[in-house]
$ cat target.txt   # compact mmCIF, C-alpha atoms
# COMPACT_ATOMS: atom_id res chain seq x y z
CA MET A 1076 -23.22 -63.74 90.15
CA ARG A 1077 -21.99 -60.39 91.37
CA LEU A 1078 -18.60 -61.19 89.85
CA ALA A 1079 -20.23 -62.00 86.50
CA ALA A 1080 -22.09 -58.71 86.55
CA ALA A 1081 -18.88 -56.88 87.34
CA VAL A 1082 -17.06 -58.62 84.49
CA ALA A 1083 -19.90 -57.76 82.11
CA ALA A 1084 -19.81 -54.14 83.23
CA LEU A 1085 -16.06 -53.99 82.70
CA ALA A 1086 -16.39 -55.62 79.30
CA ALA A 1087 -18.94 -53.01 78.32
CA LEU A 1088 -16.48 -50.32 79.27
CA LEU A 1089 -13.58 -51.94 77.48
CA PRO A 1090 -14.12 -50.67 73.93
CA ALA A 1091 -14.43 -47.12 75.17
CA ALA A 1092 -11.33 -47.53 77.26
CA THR A 1093 -9.14 -49.09 74.56
CA LEU A 1094 -10.35 -47.52 71.31
CA PRO A 1095 -10.15 -43.82 70.59
CA ALA A 1096 -13.56 -42.22 70.29
CA ALA A 1097 -14.59 -41.58 66.68
CA ALA A 1098 -14.00 -37.93 65.83
CA ALA A 1099 -17.15 -35.90 65.36
CA PRO A 1100 -17.88 -35.00 61.74
CA ASP A 1101 -16.21 -31.74 60.79
CA PRO A 1102 -18.33 -29.42 58.63
CA ALA A 1103 -15.30 -27.25 57.84
CA ARG A 1104 -13.57 -30.24 56.28
CA GLY A 1105 -16.87 -31.08 54.62
CA GLU A 1106 -16.93 -27.69 52.95
CA GLN A 1107 -13.53 -28.43 51.43
CA ILE A 1108 -14.79 -31.79 50.20
CA TYR A 1109 -17.81 -30.05 48.70
CA GLY A 1110 -15.34 -28.48 46.25
CA ARG A 1111 -15.46 -31.82 44.42
CA CYS A 1112 -19.18 -31.36 43.81
CA LEU A 1113 -18.89 -27.91 42.26
CA ALA A 1114 -18.68 -29.05 38.66
CA CYS A 1115 -22.34 -29.97 38.85
CA HIS A 1116 -23.89 -28.70 42.08
CA ASP A 1117 -24.57 -25.51 43.96
CA LEU A 1118 -26.36 -24.87 47.22
CA ALA A 1119 -28.99 -22.49 45.92
CA ARG A 1120 -29.06 -23.11 42.17
CA ASP A 1121 -29.97 -26.00 39.92
CA ARG A 1122 -27.09 -26.78 37.62
CA VAL A 1123 -26.09 -30.07 35.98
CA GLY A 1124 -27.26 -31.47 39.31
CA PRO A 1125 -30.03 -30.15 41.51
CA ARG A 1126 -29.57 -27.59 44.30
CA HIS A 1127 -28.62 -28.77 47.76
CA CYS A 1128 -30.59 -26.26 49.82
CA GLY A 1129 -33.52 -28.17 51.28
CA LEU A 1130 -31.81 -31.51 50.69
CA PHE A 1131 -32.45 -33.04 54.10
CA GLY A 1132 -35.93 -34.50 54.24
CA ARG A 1133 -36.47 -34.05 50.51
CA ARG A 1134 -37.68 -36.94 48.40
CA ALA A 1135 -35.08 -37.79 45.75
CA GLY A 1136 -35.97 -36.50 42.31
CA SER A 1137 -38.43 -33.89 43.56
CA VAL A 1138 -36.91 -30.44 42.94
CA PRO A 1139 -39.50 -28.72 40.77
CA GLY A 1140 -38.37 -28.14 37.20
CA PHE A 1141 -35.21 -30.20 37.46
CA VAL A 1142 -34.91 -33.06 34.97
CA TYR A 1143 -33.84 -36.21 36.81
CA SER A 1144 -32.89 -39.66 35.60
CA PRO A 1145 -35.78 -42.14 35.82
CA ALA A 1146 -33.67 -44.09 38.34
CA MET A 1147 -33.49 -41.12 40.70
CA LYS A 1148 -37.09 -40.12 40.21
CA SER A 1149 -38.43 -43.57 41.01
CA SER A 1150 -35.98 -44.39 43.80
CA GLY A 1151 -38.35 -43.58 46.65
CA ILE A 1152 -35.39 -42.33 48.68
CA VAL A 1153 -35.78 -39.55 51.19
CA TRP A 1154 -32.47 -37.81 51.79
CA ASN A 1155 -31.06 -37.95 55.29
CA ALA A 1156 -27.62 -38.69 56.75
CA ALA A 1157 -28.01 -42.43 56.32
CA THR A 1158 -29.35 -42.40 52.74
CA LEU A 1159 -26.77 -39.82 51.69
CA ASP A 1160 -24.00 -41.88 53.24
CA ARG A 1161 -25.08 -44.95 51.30
CA PHE A 1162 -25.50 -43.07 48.01
CA LEU A 1163 -22.31 -41.01 48.19
CA ALA A 1164 -20.15 -44.07 48.86
CA ALA A 1165 -20.77 -45.28 45.30
CA PRO A 1166 -23.63 -43.50 43.51
CA MET A 1167 -23.75 -45.72 40.43
CA LYS A 1168 -23.75 -48.89 42.51
CA ALA A 1169 -26.29 -47.54 44.98
CA MET A 1170 -28.55 -46.34 42.18
CA PRO A 1171 -27.84 -47.90 38.76
CA GLY A 1172 -29.01 -45.51 36.06
CA THR A 1173 -28.36 -42.34 38.03
CA ALA A 1174 -27.05 -39.40 36.02
CA MET A 1175 -24.60 -38.71 38.86
CA THR A 1176 -21.80 -40.55 37.13
CA TYR A 1177 -19.30 -40.18 39.91
CA ASP A 1178 -17.18 -42.89 41.47
CA GLY A 1179 -18.13 -41.76 44.96
CA ILE A 1180 -16.43 -40.95 48.23
CA PRO A 1181 -15.14 -44.22 49.66
CA ASP A 1182 -13.79 -42.74 52.92
CA PRO A 1183 -16.56 -42.84 55.55
CA THR A 1184 -14.98 -39.97 57.50
CA GLU A 1185 -14.98 -37.75 54.42
CA ARG A 1186 -18.61 -38.67 53.75
CA ALA A 1187 -19.56 -37.85 57.33
CA ASP A 1188 -17.77 -34.49 57.09
CA LEU A 1189 -19.47 -33.67 53.80
CA ILE A 1190 -22.89 -34.67 55.09
CA ALA A 1191 -22.34 -32.58 58.25
CA TRP A 1192 -21.52 -29.58 56.09
CA LEU A 1193 -24.51 -30.12 53.79
CA GLU A 1194 -26.74 -30.23 56.86
CA GLN A 1195 -25.15 -27.08 58.29
CA ALA A 1196 -25.29 -25.29 54.94
CA GLY A 1197 -28.98 -26.14 54.69
CA ARG A 1198 -29.57 -23.86 57.68
CA SER A 1199 -27.49 -20.99 56.21
CA ALA A 1200 -28.85 -17.60 55.23
CA GLU A 1201 -28.31 -18.56 51.57
CA CYS A 1202 -30.58 -21.57 51.92
CA ARG A 1203 -33.13 -19.77 54.08
CA ALA A 1204 -33.41 -17.22 51.26
CA VAL A 1205 -34.11 -20.03 48.77
CA ALA A 1206 -36.82 -21.42 51.04
CA ARG A 1207 -38.64 -18.09 51.16
CA MET B 177 6.19 -18.64 32.94
CA SER B 178 2.55 -17.74 33.59
CA PHE B 179 0.05 -17.51 30.76
CA LEU B 180 -0.87 -14.15 32.20
CA SER B 181 2.63 -12.81 31.75
CA MET B 182 2.86 -13.93 28.14
CA PRO B 183 2.26 -11.17 25.63
CA ASP B 184 -0.17 -13.18 23.54
CA PRO B 185 -2.24 -15.87 25.29
CA PHE B 186 -3.49 -17.18 21.96
CA ALA B 187 0.10 -17.75 20.90
CA ALA B 188 0.62 -19.57 24.19
CA ARG B 189 -2.44 -21.70 23.50
CA ARG B 190 -1.24 -22.47 19.98
CA LEU B 191 2.10 -23.45 21.44
CA PHE B 192 0.36 -25.65 24.03
CA LEU B 193 -1.84 -27.31 21.43
CA GLY B 194 1.14 -27.78 19.15
CA ARG B 195 2.98 -29.63 21.89
CA THR B 196 0.09 -31.75 23.09
CA GLY B 197 -2.01 -32.12 19.99
CA GLY B 198 -0.54 -35.51 19.16
CA VAL B 199 -1.60 -36.97 22.48
CA LEU B 200 -5.06 -35.49 22.40
CA SER B 201 -5.54 -36.50 18.79
CA GLY B 202 -4.70 -40.05 19.74
CA ALA B 203 -7.42 -40.11 22.34
CA ALA B 204 -9.82 -38.36 20.01
CA VAL B 205 -9.15 -40.79 17.22
CA ALA B 206 -9.82 -43.64 19.60
CA LEU B 207 -13.06 -42.02 20.59
CA LEU B 208 -14.18 -41.19 17.11
CA ALA B 209 -13.07 -44.36 15.41
CA GLY B 210 -16.66 -45.44 15.30
CA ASN B 211 -18.90 -48.12 16.72
CA HIS B 212 -17.24 -50.93 14.78
CA ARG B 213 -13.84 -50.48 16.34
CA LEU B 214 -15.24 -49.78 19.78
CA ALA B 215 -17.69 -52.66 19.60
CA ALA B 216 -14.90 -55.00 18.59
CA ALA B 217 -12.87 -54.14 21.65
CA ALA B 218 -12.90 -56.52 24.59
CA ASP B 219 -14.01 -53.65 26.79
CA ALA B 220 -16.79 -52.43 24.50
CA PRO B 221 -18.50 -49.27 25.71
CA THR B 222 -21.76 -49.65 27.57
CA ALA B 223 -24.88 -47.55 27.94
CA GLY B 224 -23.31 -46.48 31.22
CA ASP B 225 -20.36 -45.05 29.30
CA ALA B 226 -22.69 -42.93 27.18
CA GLN B 227 -24.42 -41.69 30.35
CA ILE B 228 -21.07 -40.73 31.89
CA LEU B 229 -20.17 -38.80 28.73
CA ASN B 230 -23.54 -37.09 28.71
CA THR B 231 -23.18 -35.89 32.29
CA ALA B 232 -19.73 -34.57 31.38
CA LEU B 233 -21.19 -32.90 28.29
CA GLY B 234 -23.78 -31.13 30.44
CA ALA B 235 -21.01 -29.74 32.65
CA GLU B 236 -18.92 -28.68 29.63
CA LEU B 237 -21.87 -26.83 28.09
CA GLU B 238 -22.44 -25.04 31.38
CA ALA B 239 -18.75 -24.09 31.54
CA ILE B 240 -18.95 -22.63 28.03
CA ALA B 241 -21.92 -20.53 29.11
CA ALA B 242 -20.18 -19.49 32.33
CA TYR B 243 -17.10 -18.25 30.47
CA GLN B 244 -19.40 -16.38 28.11
CA VAL B 245 -20.96 -14.61 31.10
CA GLY B 246 -17.46 -13.76 32.31
CA ALA B 247 -16.38 -12.50 28.89
CA GLU B 248 -19.46 -10.30 28.54
CA SER B 249 -19.34 -9.01 32.11
CA LYS B 250 -16.90 -6.22 31.21
CA LEU B 251 -15.12 -7.15 34.44
CA LEU B 252 -12.27 -8.99 32.72
CA GLN B 253 -9.38 -7.03 31.31
CA LYS B 254 -6.72 -8.35 28.99
CA PRO B 255 -4.91 -10.67 29.37
CA ALA B 256 -7.42 -12.34 31.73
CA LEU B 257 -10.14 -11.89 29.11
CA ASP B 258 -8.05 -13.67 26.49
CA LEU B 259 -7.34 -16.40 28.96
CA ALA B 260 -11.06 -16.89 29.67
CA LEU B 261 -11.81 -17.06 25.96
CA ALA B 262 -9.00 -19.57 25.40
CA PHE B 263 -10.33 -21.77 28.20
CA GLN B 264 -13.85 -21.44 26.83
CA GLY B 265 -12.46 -22.65 23.50
CA HIS B 266 -11.08 -25.75 25.20
CA HIS B 267 -14.47 -26.47 26.74
CA LYS B 268 -16.06 -26.10 23.30
CA GLU B 269 -13.61 -28.66 21.93
CA HIS B 270 -14.39 -31.02 24.82
CA ALA B 271 -18.13 -30.60 24.29
CA ASP B 272 -17.85 -31.19 20.56
CA LEU B 273 -15.85 -34.37 21.04
CA LEU B 274 -18.14 -35.67 23.79
CA ALA B 275 -21.28 -35.02 21.73
CA LYS B 276 -19.87 -36.79 18.67
CA THR B 277 -18.78 -39.74 20.77
CA ILE B 278 -22.17 -40.06 22.48
CA GLU B 279 -23.80 -40.16 19.05
CA LYS B 280 -21.35 -42.81 17.87
CA LEU B 281 -22.27 -44.87 20.92
CA GLY B 282 -25.94 -44.59 19.93
CA GLY B 283 -26.83 -42.07 22.61
CA LYS B 284 -28.45 -38.67 22.37
CA PRO B 285 -26.20 -35.79 23.47
CA VAL B 286 -27.76 -33.39 25.93
CA ALA B 287 -28.31 -29.91 24.56
CA ALA B 288 -27.23 -26.68 26.18
CA LYS B 289 -29.87 -25.20 28.47
CA THR B 290 -31.69 -22.19 27.12
CA LYS B 291 -30.89 -20.40 30.36
CA TYR B 292 -28.28 -20.97 33.05
CA ASP B 293 -28.63 -19.71 36.60
CA PHE B 294 -25.26 -18.17 37.45
CA PRO B 295 -24.57 -15.97 40.51
CA VAL B 296 -24.05 -12.89 38.33
CA ALA B 297 -25.07 -10.48 41.11
CA GLN B 298 -22.09 -11.71 43.14
CA LEU B 299 -19.62 -11.01 40.32
CA LYS B 300 -18.40 -7.48 40.94
CA SER B 301 -14.72 -7.62 40.00
CA GLN B 302 -12.26 -9.47 37.81
CA ALA B 303 -11.17 -11.48 40.85
CA ASP B 304 -14.80 -12.54 41.48
CA VAL B 305 -15.08 -13.82 37.90
CA LEU B 306 -11.76 -15.64 38.06
CA ARG B 307 -12.66 -17.17 41.45
CA PHE B 308 -16.02 -18.32 40.05
CA ALA B 309 -14.27 -19.89 37.05
CA ALA B 310 -11.65 -21.50 39.30
CA LYS B 311 -14.36 -23.16 41.39
CA LEU B 312 -15.99 -24.57 38.28
CA GLU B 313 -12.66 -25.87 37.01
CA GLN B 314 -11.84 -27.41 40.40
CA GLY B 315 -15.20 -29.15 40.34
CA ALA B 316 -14.58 -30.32 36.78
CA VAL B 317 -11.27 -31.91 37.80
CA SER B 318 -13.05 -33.83 40.57
CA ALA B 319 -15.92 -34.77 38.29
CA TYR B 320 -13.62 -36.26 35.64
CA LEU B 321 -11.52 -37.93 38.33
CA GLY B 322 -14.72 -39.49 39.65
CA ALA B 323 -15.75 -40.57 36.17
CA VAL B 324 -12.51 -42.09 34.87
CA PRO B 325 -12.73 -45.32 36.94
CA LEU B 326 -16.35 -45.86 35.91
CA PHE B 327 -15.83 -46.29 32.17
CA GLY B 328 -16.17 -49.78 30.78
CA ASN B 329 -13.98 -48.81 27.84
CA ARG B 330 -10.37 -47.87 28.45
CA ASP B 331 -10.12 -45.53 25.45
CA LEU B 332 -12.97 -43.50 26.86
CA ALA B 333 -11.30 -43.44 30.27
CA LYS B 334 -8.08 -42.25 28.62
CA ALA B 335 -9.88 -39.48 26.75
CA ALA B 336 -11.63 -38.38 29.96
CA ALA B 337 -8.26 -38.32 31.71
CA SER B 338 -6.92 -36.14 28.90
CA ILE B 339 -9.73 -33.65 29.50
CA LEU B 340 -9.11 -33.87 33.27
CA GLY B 341 -5.52 -32.78 32.66
CA ASP B 342 -6.71 -29.76 30.70
CA GLU B 343 -9.22 -28.75 33.40
CA ALA B 344 -6.50 -29.09 36.05
CA MET B 345 -4.28 -26.71 34.08
CA HIS B 346 -7.16 -24.22 33.84
CA TRP B 347 -7.65 -24.43 37.60
CA ALA B 348 -3.95 -23.92 38.31
CA VAL B 349 -3.64 -20.94 35.96
CA LEU B 350 -6.75 -19.31 37.43
CA ARG B 351 -5.40 -19.81 40.96
CA GLN B 352 -2.12 -18.25 39.86
CA ALA B 353 -3.99 -15.30 38.38
CA LEU B 354 -5.76 -14.85 41.72
CA GLY B 355 -2.44 -14.80 43.56
CA GLU B 356 -3.09 -18.19 45.15
CA THR B 357 -0.73 -21.15 45.23
CA PRO B 358 -1.34 -22.52 41.73
CA VAL B 359 -0.98 -26.18 42.67
CA PRO B 360 -2.18 -26.51 46.26
CA SER B 361 -1.32 -30.17 46.78
CA ALA B 362 0.38 -33.18 45.27
CA PHE B 363 -2.91 -34.94 44.59
CA VAL B 364 -6.37 -33.91 43.46
CA ALA B 365 -9.54 -35.42 44.87
$ encode --input "target.txt" --output "structure tokens"
Amino acid sequence: MRLAAAVAALAALLPAATLPAAAAPDPARGEQIYGRCLACHDLARDRVGPRHCGLFGRRAGSVPGFVYSPAMKSSGIVWNAATLDRFLAAPMKAMPGTAMTYDGIPDPTERADLIAWLEQAGRSAECRAVAR
Amino acid sequence: MSFLSMPDPFAARRLFLGRTGGVLSGAAVALLAGNHRLAAAADAPTAGDAQILNTALGAELEAIAAYQVGAESKLLQKPALDLALAFQGHHKEHADLLAKTIEKLGGKPVAAKTKYDFPVAQLKSQADVLRFAAKLEQGAVSAYLGAVPLFGNRDLAKAAASILGDEAMHWAVLRQALGETPVPSAFVA
């Protein structure tokens, strides 16, 4: 019994011992990736797409005065790391009818970096000024 | 040879259009051939295609307005001013073609906004204006790259790729004008 417990404990350790730990998301890389979004988005300003300040915790389709697609407005999504990850992987598949006609970011590491930067940027002075 | 070092940017643009007009015309003709030809194709355009074009049109209209802000800022000197106006002209041509195509597909083209919210207070020098334009062009390259694989119709994808190429040249020339490496990598994303 003690042997079985020891084997189980070793097995639990095995993945950590044999696989490299996943790198933490890198907001600096995320900022570079955000360059792809700049045709339509800005942190503090509504453009072809809505502003990103205040994104985390915001209900999709809820920036006042911005005209959304019906699909986005009725999605019921609240933006967080998980919902952004799903959406950014393939926006038009995740939300048919969205006006964000972009193929998406298939690389999960790039998505994680971008999301980390969006979260960090949301706490920036630029975004705090928008919130005031 | 840089556009900026050419004595007459409009002559350079005419030269460019003269060399590439055949290719662009081909894509444009495919786009504007009308619903009958497009509908007859095996990969007939979808409502999704019209939506993709409309999002692109919105970005093109904003780019036209952004270059107008740059041109009227009094921060751009020749030949950068001529360059900005030439690039704005390209965006007008893109917007015109996109709007006509959306109509031919039975969609309603988005109109230009009555007011755009640009960071004008942050534009204090020619370099600021060029950097602002370069960021928009970089974003446009990514936006078209992200749109090309989504089209149901290959002619539309080809036309979007043609516009992508133009935006990429804008971005490179603006980077060159800013003293940056004009083509920073072998691939765009």
$ closest_residue --input "target.txt" --among "B:Glu313, B:Glu356, B:Asp293, B:Glu279" --to "Ala260 (chain B)" --atoms "all atoms listed in the file"
B:Glu313
$ atom_distance --input "target.txt" --atom1 "CA of Arg330 (chain B)" --atom2 "CA of Ala220 (chain B)"
8.8 Å
$ closest_atom_pairs --input "target.txt" --of "chain B" --to "chain A" --cutoff "6 Å" --atoms "all atoms listed in the file" --output "tab-separated table"
residue	atom	partner	partner_atom	distance
B:Ile228	CA	A:Thr1176	CA	5.3
B:Leu312	CA	A:Ala1114	CA	5.2
B:Gly315	CA	A:Ala1114	CA	3.9
B:Ala316	CA	A:Ala1114	CA	4.7
B:Ser318	CA	A:Arg1111	CA	5.0
B:Gly322	CA	A:Asp1178	CA	4.6
B:Ala323	CA	A:Tyr1177	CA	5.2
$ write_last_selection --input "target.txt" --atoms "C-alpha atoms" --output "PDB file, in the frame of the given file"
ATOM      1  CA  ILE B 228     -21.070 -40.730  31.890  1.00  0.00           C
ATOM      2  CA  LEU B 312     -15.990 -24.570  38.280  1.00  0.00           C
ATOM      3  CA  GLY B 315     -15.200 -29.150  40.340  1.00  0.00           C
ATOM      4  CA  ALA B 316     -14.580 -30.320  36.780  1.00  0.00           C
ATOM      5  CA  SER B 318     -13.050 -33.830  40.570  1.00  0.00           C
ATOM      6  CA  GLY B 322     -14.720 -39.490  39.650  1.00  0.00           C
ATOM      7  CA  ALA B 323     -15.750 -40.570  36.170  1.00  0.00           C
TER       8      ALA B 323
END
$ closest_residue --input "target.txt" --among "B:Ile240, B:Leu233, B:Ala226, B:Leu257" --to "Gly282 (chain B)" --atoms "all atoms listed in the file"
B:Ala226
$ atom_distance --input "target.txt" --atom1 "CA of Pro1145 (chain A)" --atom2 "CA of Phe1131 (chain A)"
20.7 Å
$ atom_distance --input "target.txt" --atom1 "CA of His270 (chain B)" --atom2 "CA of Gln227 (chain B)"
15.7 Å
$ build_atoms --input "target.txt" --residues "region 1168-1197 of chain A" --atoms "N, CA and C atoms" --output "short mmCIF file (atom, residue, chain, number, x, y, z; two decimals), in the frame of the given file"
data_model
loop_
_atom_site.label_atom_id
_atom_site.label_comp_id
_atom_site.auth_asym_id
_atom_site.auth_seq_id
_atom_site.Cartn_x
_atom_site.Cartn_y
_atom_site.Cartn_z
N LYS A 1168 -23.42 -47.56 41.97
CA LYS A 1168 -23.75 -48.89 42.51
C LYS A 1168 -25.02 -48.79 43.36
N ALA A 1169 -25.12 -47.70 44.11
CA ALA A 1169 -26.29 -47.54 44.98
C ALA A 1169 -27.55 -47.32 44.15
N MET A 1170 -27.39 -46.66 43.02
CA MET A 1170 -28.55 -46.34 42.18
C MET A 1170 -28.18 -46.50 40.70
N PRO A 1171 -28.15 -47.72 40.19
CA PRO A 1171 -27.84 -47.90 38.76
C PRO A 1171 -28.78 -47.05 37.90
N GLY A 1172 -28.19 -46.36 36.94
CA GLY A 1172 -29.01 -45.51 36.06
C GLY A 1172 -29.02 -44.06 36.48
N THR A 1173 -28.41 -43.75 37.63
CA THR A 1173 -28.36 -42.34 38.03
C THR A 1173 -27.50 -41.55 37.05
N ALA A 1174 -27.86 -40.28 36.87
CA ALA A 1174 -27.05 -39.40 36.02
C ALA A 1174 -25.84 -38.87 36.78
N MET A 1175 -25.77 -39.15 38.08
CA MET A 1175 -24.60 -38.71 38.86
C MET A 1175 -23.49 -39.73 38.66
N THR A 1176 -22.81 -39.57 37.54
CA THR A 1176 -21.80 -40.55 37.13
C THR A 1176 -20.47 -40.23 37.79
N TYR A 1177 -20.44 -40.52 39.06
CA TYR A 1177 -19.30 -40.18 39.91
C TYR A 1177 -18.95 -41.41 40.73
N ASP A 1178 -17.64 -41.67 40.81
CA ASP A 1178 -17.18 -42.89 41.47
C ASP A 1178 -17.57 -42.95 42.94
N GLY A 1179 -17.70 -41.80 43.58
CA GLY A 1179 -18.13 -41.76 44.96
C GLY A 1179 -17.02 -41.37 45.91
N ILE A 1180 -17.37 -41.32 47.18
CA ILE A 1180 -16.43 -40.95 48.23
C ILE A 1180 -16.28 -42.17 49.13
N PRO A 1181 -15.24 -42.95 48.93
CA PRO A 1181 -15.14 -44.22 49.66
C PRO A 1181 -14.83 -44.05 51.15
N ASP A 1182 -14.20 -42.93 51.52
CA ASP A 1182 -13.79 -42.74 52.92
C ASP A 1182 -14.99 -42.33 53.76
N PRO A 1183 -15.38 -43.16 54.75
CA PRO A 1183 -16.56 -42.84 55.55
C PRO A 1183 -16.41 -41.54 56.35
N THR A 1184 -15.19 -41.22 56.75
CA THR A 1184 -14.98 -39.97 57.50
C THR A 1184 -15.24 -38.76 56.60
N GLU A 1185 -14.73 -38.85 55.37
CA GLU A 1185 -14.98 -37.75 54.42
C GLU A 1185 -16.47 -37.62 54.13
N ARG A 1186 -17.15 -38.74 54.00
CA ARG A 1186 -18.61 -38.67 53.75
C ARG A 1186 -19.31 -38.02 54.93
N ALA A 1187 -18.92 -38.41 56.13
CA ALA A 1187 -19.56 -37.85 57.33
C ALA A 1187 -19.31 -36.34 57.41
N ASP A 1188 -18.08 -35.92 57.07
CA ASP A 1188 -17.77 -34.49 57.09
C ASP A 1188 -18.61 -33.74 56.05
N LEU A 1189 -18.70 -34.31 54.87
CA LEU A 1189 -19.47 -33.67 53.80
C LEU A 1189 -20.95 -33.57 54.18
N ILE A 1190 -21.47 -34.65 54.72
CA ILE A 1190 -22.89 -34.67 55.09
C ILE A 1190 -23.15 -33.66 56.21
N ALA A 1191 -22.20 -33.57 57.16
CA ALA A 1191 -22.34 -32.58 58.25
C ALA A 1191 -22.37 -31.17 57.68
N TRP A 1192 -21.53 -30.93 56.67
CA TRP A 1192 -21.52 -29.58 56.09
C TRP A 1192 -22.81 -29.31 55.30
N LEU A 1193 -23.27 -30.31 54.55
CA LEU A 1193 -24.51 -30.12 53.79
C LEU A 1193 -25.66 -29.79 54.75
N GLU A 1194 -25.67 -30.47 55.90
CA GLU A 1194 -26.74 -30.23 56.86
C GLU A 1194 -26.63 -28.81 57.43
N GLN A 1195 -25.38 -28.42 57.75
CA GLN A 1195 -25.15 -27.08 58.29
C GLN A 1195 -25.48 -26.02 57.24
N ALA A 1196 -25.04 -26.26 56.01
CA ALA A 1196 -25.29 -25.29 54.94
C ALA A 1196 -26.79 -25.14 54.67
N GLY A 1197 -27.53 -26.20 54.90
CA GLY A 1197 -28.98 -26.14 54.69
C GLY A 1197 -29.67 -25.17 55.63
#
